[in-house]
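Student: Submitted below is the structure of interest, expressed as structure tokens.
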Amino acid sequence: MDENVNFQEKAASAIPHFSINYRFNVNLIPTSWSNCLFDLSVSICFQVFGDQKFDVGCFHDLNMILVFIVMPGNSFEMSYKIAQIRLVSSHPEVYEPCDDSFALVDALLSDRNNLLELKPMLCMEVGCGSGYVITSLMLMLGEEANGAQFIATDINHHAIRVTQETMESHGVYAELINTDVASGLENRLAGSVDLLVVNPPYVPTPEDEVGREGIASAWAGGENGRSVIDKILPVAEKLLSKRGWLYMVTLTANNPSQICRQMMKKGYASKIVVQRSTVEESLHIIKFWKDNDIEADTNDAITNSKAVPLGIVDSVRSQIQRLSFWGSSDINTTTN
């Protein structure tokens, strides 16, 4: 098979009136069907690409196309335009869109209506990589997010260039800054970020691999994959506005329940927007937002020298165990 053949376009062209510019809200798909379609997509992609050339981007598009074929009609709502894989730029030292990138974008898509109601004025991504996520965010919000500003940072200077190229190919713009997390921006942006999106380096690695130059900086997370996450959380707290939302990718090995406990002590409620299992990992996209009730309870607990209630954290732990492949679930009873 000619390597230059664009598999996504060929697959999409087989379905009238369907464009790979769009995605379905995967959280609406029944679990039994989604698992079957997932397995079928994997099988087809391995047949086309082989073990050594499996293309995750094509798999994601094919999986959504199969949903359209098998379950057409009014059962699903067409989601909004996001970045096209074929227009995403690349570089050997820049992390390409993968399962975690797709899960994060799907989480944002599933929460799009709420995001539009939030009317974020300043949106920011920490660790933009190829630019797939920040570009998708700008496209899915579209003209309805009129007036919103977008900022993206990355410690890898190659990623800044690649993100710029990805945005240009999609006709969108964001301010790009080559820095570690938000170094040099914390005072300027303190309390002003309404939407913060982070796909951090979460893979457990030796500590000496954290912060290395090049592509390793995209995944090396240190012990339990928490070194960079624990560095980002206090920065996020400082950057977020009072109505700000944080979306973060985590891995089971990162101990998401502990992360939620840590944020709960700061007055943040949380919920799992998307949970997705792959052959190698189990991903959780967690949304955090300021909750006055939690903050008041936490302050009362401190004042009375009592332990912080763990009910929410226990709920997180139980849900992480029982969530279905494509499922989503609230960590607490607060709706947001």
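Letters A, B, ... mark the chains of the structure tokens in the order given; residue numbers begin at 1 per chain; ligand numbers begin at 1, in order shown.
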Using only C-alpha atoms, which residues sit within 12 Å of range 179-194 of chain A once same-chain residues fewer than 5 positions away are excluded, as JSON, numbers by chain?
Tutor: {"A": [115, 116, 117, 118, 119, 120, 121, 122, 123, 124, 125, 126, 127, 128, 148, 149, 150, 151, 152, 153, 154, 155, 156, 157, 158, 159, 160, 199, 200, 201, 210, 211, 212, 213, 217, 218, 228, 229, 230, 231, 232, 233, 234, 235, 236, 237, 238, 239, 240, 241, 242, 243, 244, 245, 246, 247, 288, 289, 290]}
Student: Give the alpha helix (DSSP H) residues of range 120-329 of chain A, as assigned by DSSP on the backbone, as number ranges by chain.
Tutor: A: 132-141, 157-170, 186-189, 227-239, 256-264, 292-303, 311-322
Student: Atoms to include: C-alpha atoms. Write the selected residues as a JSON list (two decimals), in the first residue's frame.
Tutor:
[["chain", "number", "residue", "atom", "x", "y", "z"],
["A", 132, "TYR", "CA", -4.05, 19.67, 18.13],
["A", 133, "VAL", "CA", -5.91, 20.43, 21.37],
["A", 134, "ILE", "CA", -5.72, 24.24, 21.41],
["A", 135, "THR", "CA", -6.64, 24.36, 17.71],
["A", 136, "SER", "CA", -9.57, 22.01, 18.29],
["A", 137, "LEU", "CA", -10.73, 24.13, 21.21],
["A", 138, "MET", "CA", -10.75, 27.29, 19.11],
["A", 139, "LEU", "CA", -12.56, 25.57, 16.27],
["A", 140, "MET", "CA", -15.24, 23.93, 18.43],
["A", 141, "LEU", "CA", -16.04, 27.17, 20.24],
["A", 157, "HIS", "CA", 10.59, 25.33, 21.32],
["A", 158, "HIS", "CA", 9.93, 22.92, 18.47],
["A", 159, "ALA", "CA", 6.39, 22.48, 19.79],
["A", 160, "ILE", "CA", 5.80, 26.22, 19.61],
["A", 161, "ARG", "CA", 6.70, 26.25, 15.92],
["A", 162, "VAL", "CA", 4.66, 23.14, 15.17],
["A", 163, "THR", "CA", 1.62, 24.54, 17.00],
["A", 164, "GLN", "CA", 1.94, 27.77, 15.02],
["A", 165, "GLU", "CA", 1.92, 25.79, 11.78],
["A", 166, "THR", "CA", -1.07, 23.71, 12.91],
["A", 167, "MET", "CA", -3.06, 26.83, 13.76],
["A", 168, "GLU", "CA", -2.16, 28.52, 10.49],
["A", 169, "SER", "CA", -3.33, 25.50, 8.51],
["A", 170, "HIS", "CA", -6.71, 25.76, 10.30],
["A", 186, "GLU", "CA", 1.84, 33.87, 36.64],
["A", 187, "ASN", "CA", 1.64, 37.51, 37.72],
["A", 188, "ARG", "CA", 0.34, 38.72, 34.38],
["A", 189, "LEU", "CA", -2.41, 36.08, 34.20],
["A", 227, "SER", "CA", 6.25, 15.28, 39.40],
["A", 228, "VAL", "CA", 5.02, 17.64, 36.70],
["A", 229, "ILE", "CA", 1.35, 17.32, 37.69],
["A", 230, "ASP", "CA", 2.16, 18.39, 41.25],
["A", 231, "LYS", "CA", 4.10, 21.32, 39.83],
["A", 232, "ILE", "CA", 1.21, 22.38, 37.61],
["A", 233, "LEU", "CA", -1.62, 22.23, 40.15],
["A", 234, "PRO", "CA", -0.56, 25.21, 42.34],
["A", 235, "VAL", "CA", 0.15, 27.21, 39.18],
["A", 236, "ALA", "CA", -3.32, 26.35, 37.88],
["A", 237, "GLU", "CA", -4.84, 27.49, 41.16],
["A", 238, "LYS", "CA", -3.11, 30.84, 40.83],
["A", 239, "LEU", "CA", -4.05, 31.33, 37.17],
["A", 256, "PRO", "CA", -6.48, 10.62, 40.45],
["A", 257, "SER", "CA", -8.38, 10.35, 43.74],
["A", 258, "GLN", "CA", -5.43, 11.86, 45.57],
["A", 259, "ILE", "CA", -5.26, 14.68, 43.02],
["A", 260, "CYS", "CA", -8.95, 15.38, 43.60],
["A", 261, "ARG", "CA", -8.39, 15.35, 47.37],
["A", 262, "GLN", "CA", -5.57, 17.82, 46.98],
["A", 263, "MET", "CA", -7.75, 20.13, 44.87],
["A", 264, "MET", "CA", -10.73, 19.68, 47.20],
["A", 292, "ASN", "CA", -17.93, 27.71, 47.48],
["A", 293, "ASP", "CA", -19.63, 24.99, 49.51],
["A", 294, "ILE", "CA", -16.53, 22.78, 49.45],
["A", 295, "GLU", "CA", -14.34, 25.74, 50.30],
["A", 296, "ALA", "CA", -16.56, 26.61, 53.26],
["A", 297, "ASP", "CA", -16.59, 23.01, 54.48],
["A", 298, "THR", "CA", -12.82, 22.84, 54.18],
["A", 299, "ASN", "CA", -12.35, 26.07, 56.11],
["A", 300, "ASP", "CA", -14.70, 24.86, 58.84],
["A", 301, "ALA", "CA", -12.78, 21.60, 59.08],
["A", 302, "ILE", "CA", -9.50, 23.46, 59.47],
["A", 303, "THR", "CA", -10.99, 25.82, 62.04],
["A", 311, "GLY", "CA", -16.66, 11.36, 50.79],
["A", 312, "ILE", "CA", -15.91, 12.95, 47.45],
["A", 313, "VAL", "CA", -12.55, 11.26, 47.22],
["A", 314, "ASP", "CA", -14.03, 7.87, 48.08],
["A", 315, "SER", "CA", -16.60, 8.45, 45.34],
["A", 316, "VAL", "CA", -13.82, 9.17, 42.85],
["A", 317, "ARG", "CA", -12.01, 5.99, 43.79],
["A", 318, "SER", "CA", -15.10, 3.83, 43.35],
["A", 319, "GLN", "CA", -16.04, 5.42, 40.04],
["A", 320, "ILE", "CA", -12.59, 5.00, 38.55],
["A", 321, "GLN", "CA", -12.98, 1.29, 39.16],
["A", 322, "ARG", "CA", -16.45, 0.95, 37.67]]
Student: Have a look at A:Val249, A:Asn255, A:Ala269, A:Ala145 and name the one nearest to Ala107 in chain A; count only C-alpha atoms.
Tutor: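 For Ala107 in chain A, the nearest of the given residues is A:Val249.
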Student: Give me, please, the distance in Å between CA of Leu251 in chain A and CA of Glu281 in chain A, quoted to one decimal.
Tutor: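 Answer for the CA of Leu251 in chain A to CA of Glu281 in chain A separation: 7.0 Å.
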Student: According to DSSP computed on the backbone, where in range 194-248 of chain A is there strand (DSSP E or B)? Give the residues as a list in words.
Tutor: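 Everything in range 194-248 of chain A that counts as strand (DSSP E or B) is Asp194, Leu195, Leu196, Val197, Val198, Val203, Ala220, Leu240, Ser241, Lys242, Arg243, Gly244, Trp245, Leu246, Tyr247 and Met248 of chain A.
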Student: Just give me the gap between CA of Met248 in chain A and CA of Ile286 in chain A in Å, one decimal is fine.
Tutor: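 Atom-to-atom, CA of Met248 in chain A and CA of Ile286 in chain A are spaced 5.4 Å apart.
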Student: Between CA of Glu280 in chain A and CA of Ala220 in chain A, what distance in Å does the model show, to one decimal?
Tutor: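 CA of Ala220 in chain A lies 15.7 Å from CA of Glu280 in chain A.
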Student: Pick out the closest residue to Phe102 in chain A from this set: A:Val274, A:Ala174, A:Leu87, A:Val279. Count only C-alpha atoms.
Tutor: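 Nearest to Phe102 in chain A: A:Val274.
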